[in-house]
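Colleague: Got a structure for you, written out below as structure tokens; questions coming shortly.
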Amino acid sequence: MKYILSNIKKAKIILDKNQCIAIPTETVYGLAGNAYSDKAVKKIFKLKKRPIFNPLIVHYHSLKDLEKDCVISRDFIKLFHKFSPGPITYILRLKKNSKISKLATNRKNTLGVRFPNHSTTRKLLRFLNYPLAAPSANISTKLSPVCAQDVKDEFGKKIKFILDGGRSNVGVESTIISLVGKPKILRFGGLEISNIRKILKKPLNLSLNPKKINSPGQMKLHYSPGIPIRLNIKKPKKDEAFLLLKKTKKLNKNIYFLSKNGKLKEAAKNLYLTLRKIKKDKFKSIAVQSITNNGLGKTINDRLLRASKFNG
Ligand code: TXA
Ligand code: MG
């Protein structure tokens with residue numbers, strides 16, 4: 001406890017100087033900075049090599065904090081009470097007098113907001129006088145980090161401080177829903193769409209691959225471990241790593257599995273970690289067995305499909 005508190009204090013000192021740190025969340029680690037500061041936000045874009053047209057999502061501790069920056073709608077309140085804090089990001093309308101850096105939103109009048117469910121980061125957010133802009137803590141188009149070591153692997157010494165909060169429990173990014181205009185899902189993620197439908201009780205469209213990209217998670221190549229990936233494979237080539245949903249008795253050196261019993265929640269949690277492991281084990285390509293396209297399986301398949309667009 002003492003250790004956590006002293007690290008939270010350290011994190012605040014750095015963030016108050018408009019520098020960036022990595023923070024743990026239940027989905028993936030974030031590269032965080034003061035969302036009210038142009039200086040901090042510029043640093044995030046630079047470190048991540050993110051195109052400036054891609055807006056950042058902003059992390060809040062409470063509804064009271066959010067009300068200073070965004071217009072609150074009825075649909076939002078329903079979903080908020082059911083799912084937040086948790087793995088869901090809401091796109092809301094920005095208030096005119098909001099202090100959010102214009103660079104974070106690419107001067108749009110909407111804001112992606114999230115209430116992460118990780119005790120250390122929640123303590124940090126409560127302690128700060130501003131919300132945290134935080135994209136996933138990876139270089140643009142690469143795999144998101146799910147532990148402190150992954151963040152080190154991504155940024156090395158370029159990052160001032162990593163607030164270590166252990167392994168991310170969900171392991172894939174948040175589900176994104178736009179509540180500006182008709183509700184729309186912009187990204188599959190850690191919260192199943194069927195759960196959202198039950199609460200919203202309204203038609204819910206998907207907009208995962210729009211012509212005009214307004215979310216980098218919608219880009220065709222993303223979430224890549226940096227080696228080719230082939231999907232829906234029954235038999236891998238000789239030198240390929242073979243990624244399975246469920247553990248098998250046959251254990252070859254090239255076989256990796258995402259879960260013991262085929263549970264999709266466990267598989268999602270292990271997805272990025274396993275892809276990184278395969279790369280570290282020096283495989284030059286990955287063959288993936290077909291994965292059930294239900295519930296979190298949709299999120300896993302979405303990430304694998306985008307990662308499979310890598311062509312060296
Ligand atoms: O789980 C998560 O969401 C993680 C953790 C750190 O919270 N964050 C994350 O951030 O995945 P990022 O930046 O890698 O992905 C957020 C997505 C991006 O695709 C971004 O374009 C989209 O949210 N986004 C942000 N603001 C938006 C807006 N106003 N309209 C549409 N999409 C937006
Ligand atoms: Mg990302």
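Letters A, B, ... mark the chains of the structure tokens in the order given; residue numbers begin at 1 per chain; ligand numbers begin at 1, in order shown.
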Using only C-alpha atoms, which protein or nucleic acid residues come within 12 Å of Lys263 (chain A)? Drop anything in the same chain fewer than 2 positions from it, and give the result as a VMD selection string.
Modeller: chain A and resid 244 to 247 257 to 261 265 to 270 291 to 292 294 to 297
Colleague: Within 8 Å of ligand 1, counting only C-alpha atoms and all ligand atoms: which residues, as a PyMOL selection string?
Modeller: chain A and resi 23-31+54-57+59+87-89+91-92+105+108-114+116+134-138+144+172-176+178+186-187+189-190+214-218
Colleague: With C-alpha atoms retained, export the selected residues as a short mmCIF file (atom, residue, chain, number, x, y, z; two decimals), in the first residue's frame.
Modeller:
```
data_model
loop_
_atom_site.label_atom_id
_atom_site.label_comp_id
_atom_site.auth_asym_id
_atom_site.auth_seq_id
_atom_site.Cartn_x
_atom_site.Cartn_y
_atom_site.Cartn_z
CA ILE A 23 -0.63 4.17 -16.41
CA PRO A 24 -2.21 0.77 -15.85
CA THR A 25 -5.85 0.19 -16.77
CA GLU A 26 -7.96 -2.95 -16.79
CA THR A 27 -7.94 -2.97 -20.62
CA VAL A 28 -4.39 -2.01 -21.66
CA TYR A 29 -1.72 0.41 -20.39
CA GLY A 30 -2.15 4.07 -21.38
CA LEU A 31 0.36 6.78 -22.25
CA ASN A 54 -6.47 10.95 -34.47
CA PRO A 55 -8.07 12.25 -31.28
CA LEU A 56 -7.14 11.00 -27.80
CA ILE A 57 -9.56 9.60 -25.26
CA HIS A 59 -9.87 9.36 -18.54
CA PRO A 87 -13.98 -1.24 -20.49
CA ILE A 88 -16.21 1.20 -22.41
CA THR A 89 -15.41 4.56 -24.03
CA ILE A 91 -18.01 9.64 -27.54
CA LEU A 92 -19.85 12.68 -26.19
CA THR A 105 -9.58 16.39 -29.94
CA LYS A 108 -13.58 18.43 -33.05
CA ASN A 109 -16.58 19.18 -30.89
CA THR A 110 -16.72 15.64 -29.51
CA LEU A 111 -14.66 13.85 -26.87
CA GLY A 112 -13.96 10.17 -26.18
CA VAL A 113 -14.24 9.60 -22.43
CA ARG A 114 -13.55 6.63 -20.21
CA PRO A 116 -10.98 3.06 -16.13
CA ALA A 134 -4.28 8.50 -22.61
CA PRO A 135 -4.10 6.50 -25.79
CA SER A 136 -2.83 2.95 -25.52
CA ALA A 137 0.90 3.01 -24.61
CA ASN A 138 2.20 1.59 -27.89
CA SER A 144 -1.04 -2.45 -27.06
CA VAL A 172 -7.94 -5.72 -25.07
CA GLU A 173 -8.97 -2.07 -25.47
CA SER A 174 -12.33 -0.65 -24.45
CA THR A 175 -15.44 -0.91 -26.60
CA ILE A 176 -16.16 2.50 -28.15
CA SER A 178 -20.60 7.11 -30.07
CA LEU A 186 -16.95 2.43 -33.40
CA ARG A 187 -14.72 -0.30 -32.01
CA GLY A 189 -13.58 -4.13 -27.26
CA GLY A 190 -13.62 -5.52 -23.75
CA ASN A 214 -12.44 8.88 -37.24
CA SER A 215 -10.85 6.34 -34.92
CA PRO A 216 -7.34 4.85 -35.41
CA GLY A 217 -8.71 1.59 -34.01
CA GLN A 218 -10.66 1.57 -37.31
#
```
Colleague: Using only C-alpha atoms, which of A:Ile229, A:Ile21, A:Phe127, A:Leu206 sits nearest Lys157 (chain A)?
Modeller: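 For Lys157 (chain A), the nearest of the given residues is A:Ile21.
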Colleague: As a PyMOL selection string, please: all residues of region 216-280 of chain A that backbone DSSP puts in alpha helix (DSSP H).
Modeller: chain A and resi 264-280
Colleague: Could you save the residues just selected, with N, CA and C atoms, as a tab-separated table (two decimals), in the first residue's frame?
Modeller:
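And here is the file that came out, result.tsv:
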```tsv
chain	number	residue	atom	x	y	z
A	264	LEU	N	-13.55	-17.32	-23.94
A	264	LEU	CA	-13.16	-16.15	-24.72
A	264	LEU	C	-12.61	-15.01	-23.85
A	265	LYS	N	-13.09	-14.94	-22.61
A	265	LYS	CA	-12.59	-13.88	-21.73
A	265	LYS	C	-11.11	-14.10	-21.43
A	266	GLU	N	-10.78	-15.32	-21.15
A	266	GLU	CA	-9.37	-15.66	-20.88
A	266	GLU	C	-8.52	-15.45	-22.15
A	267	ALA	N	-9.12	-15.82	-23.29
A	267	ALA	CA	-8.39	-15.68	-24.56
A	267	ALA	C	-8.09	-14.21	-24.86
A	268	ALA	N	-9.08	-13.35	-24.62
A	268	ALA	CA	-8.87	-11.91	-24.88
A	268	ALA	C	-7.77	-11.39	-23.97
A	269	LYS	N	-7.81	-11.82	-22.71
A	269	LYS	CA	-6.79	-11.36	-21.76
A	269	LYS	C	-5.38	-11.76	-22.22
A	270	ASN	N	-5.27	-12.91	-22.83
A	270	ASN	CA	-3.95	-13.42	-23.22
A	270	ASN	C	-3.51	-13.02	-24.63
A	271	LEU	N	-4.42	-12.41	-25.40
A	271	LEU	CA	-4.14	-12.20	-26.84
A	271	LEU	C	-2.84	-11.44	-27.10
A	272	TYR	N	-2.74	-10.21	-26.61
A	272	TYR	CA	-1.57	-9.38	-26.95
A	272	TYR	C	-0.29	-9.95	-26.33
A	273	LEU	N	-0.44	-10.45	-25.10
A	273	LEU	CA	0.74	-11.01	-24.43
A	273	LEU	C	1.31	-12.18	-25.23
A	274	THR	N	0.41	-13.02	-25.76
A	274	THR	CA	0.86	-14.19	-26.52
A	274	THR	C	1.48	-13.77	-27.85
A	275	LEU	N	0.87	-12.79	-28.52
A	275	LEU	CA	1.44	-12.33	-29.79
A	275	LEU	C	2.85	-11.75	-29.57
A	276	ARG	N	3.02	-11.01	-28.47
A	276	ARG	CA	4.36	-10.48	-28.16
A	276	ARG	C	5.34	-11.62	-27.88
A	277	LYS	N	4.85	-12.64	-27.15
A	277	LYS	CA	5.71	-13.77	-26.79
A	277	LYS	C	6.20	-14.48	-28.06
A	278	ILE	N	5.29	-14.67	-29.00
A	278	ILE	CA	5.66	-15.36	-30.25
A	278	ILE	C	6.76	-14.58	-30.96
A	279	LYS	N	6.61	-13.26	-31.00
A	279	LYS	CA	7.63	-12.41	-31.65
A	279	LYS	C	8.96	-12.54	-30.90
A	280	LYS	N	8.89	-12.52	-29.55
A	280	LYS	CA	10.13	-12.63	-28.75
A	280	LYS	C	10.80	-13.97	-28.94
```
Colleague: DSSP on the backbone, then: every residue of region 159-289 of chain A marked strand (DSSP E or B), written as a PyMOL selection string.
Modeller: chain A and resi 162+175-178+184-187+205-206+224+229-230+241-246+255-259+286-288
Colleague: Go ahead and write the selection's residues with C-alpha atoms as a compact mmCIF listing (two decimals), in the first residue's frame.
Modeller:
```txt
# COMPACT_ATOMS: atom_id res chain seq x y z
CA ILE A 162 5.67 3.62 -15.60
CA THR A 175 -15.44 -0.91 -26.60
CA ILE A 176 -16.16 2.50 -28.15
CA ILE A 177 -19.72 3.78 -28.51
CA SER A 178 -20.60 7.11 -30.07
CA LYS A 184 -23.04 3.61 -32.94
CA ILE A 185 -20.31 1.16 -32.06
CA LEU A 186 -16.95 2.43 -33.40
CA ARG A 187 -14.72 -0.30 -32.01
CA ASN A 205 -25.43 0.38 -35.50
CA LEU A 206 -21.88 -0.70 -36.16
CA SER A 224 0.46 -5.64 -35.27
CA ILE A 229 -0.28 -13.23 -39.50
CA ARG A 230 -2.45 -15.67 -41.47
CA ALA A 241 3.99 -20.30 -34.84
CA PHE A 242 0.51 -21.82 -34.55
CA LEU A 243 -1.95 -19.93 -32.35
CA LEU A 244 -4.97 -21.83 -30.99
CA LEU A 245 -7.95 -20.71 -28.95
CA LYS A 246 -7.82 -23.74 -26.69
CA ILE A 255 2.06 -24.20 -30.57
CA TYR A 256 0.65 -21.35 -28.49
CA PHE A 257 -2.83 -21.20 -27.02
CA LEU A 258 -4.99 -18.35 -25.73
CA SER A 259 -6.97 -20.22 -23.08
CA ILE A 286 1.98 -16.68 -37.18
CA ALA A 287 -0.83 -18.94 -38.34
CA VAL A 288 -4.06 -18.61 -36.36
```
Colleague: Calculated over only C-alpha atoms and all ligand atoms, which of the candidates A:Leu208, A:Cys70, A:Ile100, A:Ile139 has the smallest distance to ligand 2?
Modeller: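 So, comparing all the options, the nearest one is A:Ile139.
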Colleague: Please, what distance in Å, to one decimal, runs between CA of Ser62 (chain A) and CA of Phe45 (chain A)?
Modeller: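 Interatomic distance, CA of Ser62 (chain A) to CA of Phe45 (chain A): 25.4 Å.
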